[in-house]
Amino acid sequence: MLNVIKKQNLSRSLINGLRNVAIREVHTPRRALMYVPSDDKRKLRKSRELEADCIALDLEDGVANNKKDAARQIARAFFDAGSNNPVEGHKESHRRAEWAVRVNSVCSNLCEEDLKTILGGEIKPETILLPKYNETEQLRQFADWVNKALADAEHKINLIFYAESCKAVMRLPELCEYAVQLSQVPGAKFIPVSIVFGSDDFCASAGLTRTEEGKEILYARQRIVTVAKAFDLQAIDMVYTDYTNLEGLKAQAKEGAKFGYTGKQVIHPCQLEIVQKAFVPSSEKVEWASELLKAWDEHEKDGVGAFTFKNKMIDAPTMKQAQNILEIMRSVQ
């Protein structure tokens with residue numbers, strides 16, 4: 001089965017068969033977005049051993065106001081020392097974690113200094129997380145700071161931004177479109193790749209009472225993933241704050257995967273394995289997708305468009321679903 005998966009770059013005839021269905025490049029996997037307080041040296045050292053797709057050094061909510069500057073300096077020293085490199089001999093070292101930094105919001109008056117420090121060294125994070133993105137002007141200011149900090153750099157950084165207020169959720173299409181357009185301006189040094197649902201801040205913004213069932217945030221949760229996919233961005237689901245309730249975490253993570261989220265925020269190492277498994281298709285789904293792609297290729301050679309596969313009518317949108325499944329599997333191998 002894995003040989004079939006690895007083979008799927010996909011055949012030219014299959015690509016032609018997909019006709020007008022857009023084919024995305026495989027995204028960097030971010031099934032688990034793990035936060036580590038940047039002012040905690042012990043946790044930073046331990047983070048090197050974590051089996052997480054994305055590890056974010058946190059300068060924002062995880063750091064007290066009187067430790068912000070210390071957190072910046074510690075984060076900078078962490079990268080300068082090459083501590084973001086995989087641990088030699090660690091079983092996950094063949095698939096290196098993505099290292100990111102969550103800076104403070106533009107309106108905090110801390111963001112510019114965060115970016116100067118974090119992007120000022122020779123070794124830089126691959127990704128910056130920008131919280132509380134509510135206005136296009138905030139991203140324009142952020143872009144100016146990033147472009148200035150990386151003026152002499154050849155590469156661009158990934159940008160993950162947060163929707164965590166009523167305003168952000170309602171204006172999300174506009175905010176996404178502006179982010180994409182701004183990233184395409186000549187000289188731009190960032191690429192938007194994902195949206196994070198900041199559920200706790202959203203509940204505070206809306207005056208909601210959080211429940212385990214989560215009906216009160218259903219609209220926002222589904223709107224965010226829908227808008228993200230419209231702009232070909234990943235969608236990272238909310239934090240499950242009760243890290244001792246692993247069954248509750250598992251249920252919520254699986255629900256998020258069904259909604260279309262590509263990953264979930266994680267606040268404790270014990271959550272990692274459950275979350276990352278939740279965002280990997282089952283072996284049955286992978287087998288279905290692999291067989292379906294082969295069948296599509298064979299029918300396309302014969303000039304057949306829609307066809308029947310396992311008693312169901314198959315067309316291009318169904319093929320896209322199958323391709324998405326195999327893309328996920330390729331990205332996490």
# chains A, B, ... in the order shown; residues from 1 in each chain; ligands from 1
call {"tool": "select_by_dssp", "arguments": {"residues": "range 73-317 of chain A", "states": "strand (DSSP E or B)", "output": "number ranges by chain"}}
result
A: 98-102, 127-130, 157-163, 190-197, 234-237, 263-266, 307-309, 312-314
call {"tool": "residues_around", "arguments": {"residues": "range 102-112 of chain A", "least_positions_apart": "5", "cutoff": "7 Å", "atoms": "only C-alpha atoms", "output": "MDAnalysis selection string"}}
result
chainID A and resid 56:60 128:132 138 142 145
call {"tool": "residues_around", "arguments": {"residues": "Ala228 in chain A", "least_positions_apart": "4", "cutoff": "9 Å", "atoms": "only C-alpha atoms", "output": "NGL selection string"}}
result
:A and (172-173 or 176 or 194-195 or 223-224 or 232-235)
call {"tool": "write_last_selection", "arguments": {"atoms": "N, CA and C atoms", "output": "PDB file, in the first residue's frame"}}
result
ATOM      1  N   LEU A 172     -13.164  37.176   8.378  1.00  0.00           N
ATOM      2  CA  LEU A 172     -12.086  36.265   8.009  1.00  0.00           C
ATOM      3  C   LEU A 172     -11.805  36.189   6.506  1.00  0.00           C
ATOM      4  N   PRO A 173     -12.813  36.142   5.626  1.00  0.00           N
ATOM      5  CA  PRO A 173     -12.486  36.127   4.194  1.00  0.00           C
ATOM      6  C   PRO A 173     -11.660  37.339   3.767  1.00  0.00           C
ATOM      7  N   CYS A 176      -8.086  36.961   5.152  1.00  0.00           N
ATOM      8  CA  CYS A 176      -7.326  35.953   4.407  1.00  0.00           C
ATOM      9  C   CYS A 176      -6.908  36.477   3.039  1.00  0.00           C
ATOM     10  N   SER A 194      -1.624  28.947   7.352  1.00  0.00           N
ATOM     11  CA  SER A 194      -2.607  28.322   8.227  1.00  0.00           C
ATOM     12  C   SER A 194      -3.339  29.349   9.079  1.00  0.00           C
ATOM     13  N   ILE A 195      -4.547  28.963   9.506  1.00  0.00           N
ATOM     14  CA  ILE A 195      -5.350  29.736  10.452  1.00  0.00           C
ATOM     15  C   ILE A 195      -5.565  28.895  11.699  1.00  0.00           C
ATOM     16  N   ARG A 223     -17.005  27.859  10.487  1.00  0.00           N
ATOM     17  CA  ARG A 223     -16.722  28.959   9.565  1.00  0.00           C
ATOM     18  C   ARG A 223     -15.224  29.078   9.321  1.00  0.00           C
ATOM     19  N   ILE A 224     -14.433  28.939  10.361  1.00  0.00           N
ATOM     20  CA  ILE A 224     -12.988  29.091  10.223  1.00  0.00           C
ATOM     21  C   ILE A 224     -12.409  28.046   9.291  1.00  0.00           C
ATOM     22  N   ASP A 232      -7.020  27.876   0.508  1.00  0.00           N
ATOM     23  CA  ASP A 232      -5.989  26.845   0.463  1.00  0.00           C
ATOM     24  C   ASP A 232      -5.030  26.945   1.653  1.00  0.00           C
ATOM     25  N   LEU A 233      -5.599  27.253   2.807  1.00  0.00           N
ATOM     26  CA  LEU A 233      -4.815  27.329   4.038  1.00  0.00           C
ATOM     27  C   LEU A 233      -5.187  26.161   4.941  1.00  0.00           C
ATOM     28  N   GLN A 234      -4.243  25.734   5.750  1.00  0.00           N
ATOM     29  CA  GLN A 234      -4.559  24.756   6.776  1.00  0.00           C
ATOM     30  C   GLN A 234      -5.418  25.404   7.858  1.00  0.00           C
ATOM     31  N   ALA A 235      -6.145  24.570   8.575  1.00  0.00           N
ATOM     32  CA  ALA A 235      -6.957  25.045   9.695  1.00  0.00           C
ATOM     33  C   ALA A 235      -6.583  24.237  10.930  1.00  0.00           C
TER      34      ALA A 235
END
call {"tool": "closest_residue", "arguments": {"among": "A:Glu126, A:Glu213, A:Glu164, A:Asp297", "to": "Asp237 in chain A", "atoms": "only C-alpha atoms"}}
result
A:Glu164
call {"tool": "closest_residue", "arguments": {"among": "A:Pro192, A:Cys166, A:Ile118, A:Arg221", "to": "Ala206 in chain A", "atoms": "only C-alpha atoms"}}
result
A:Cys166
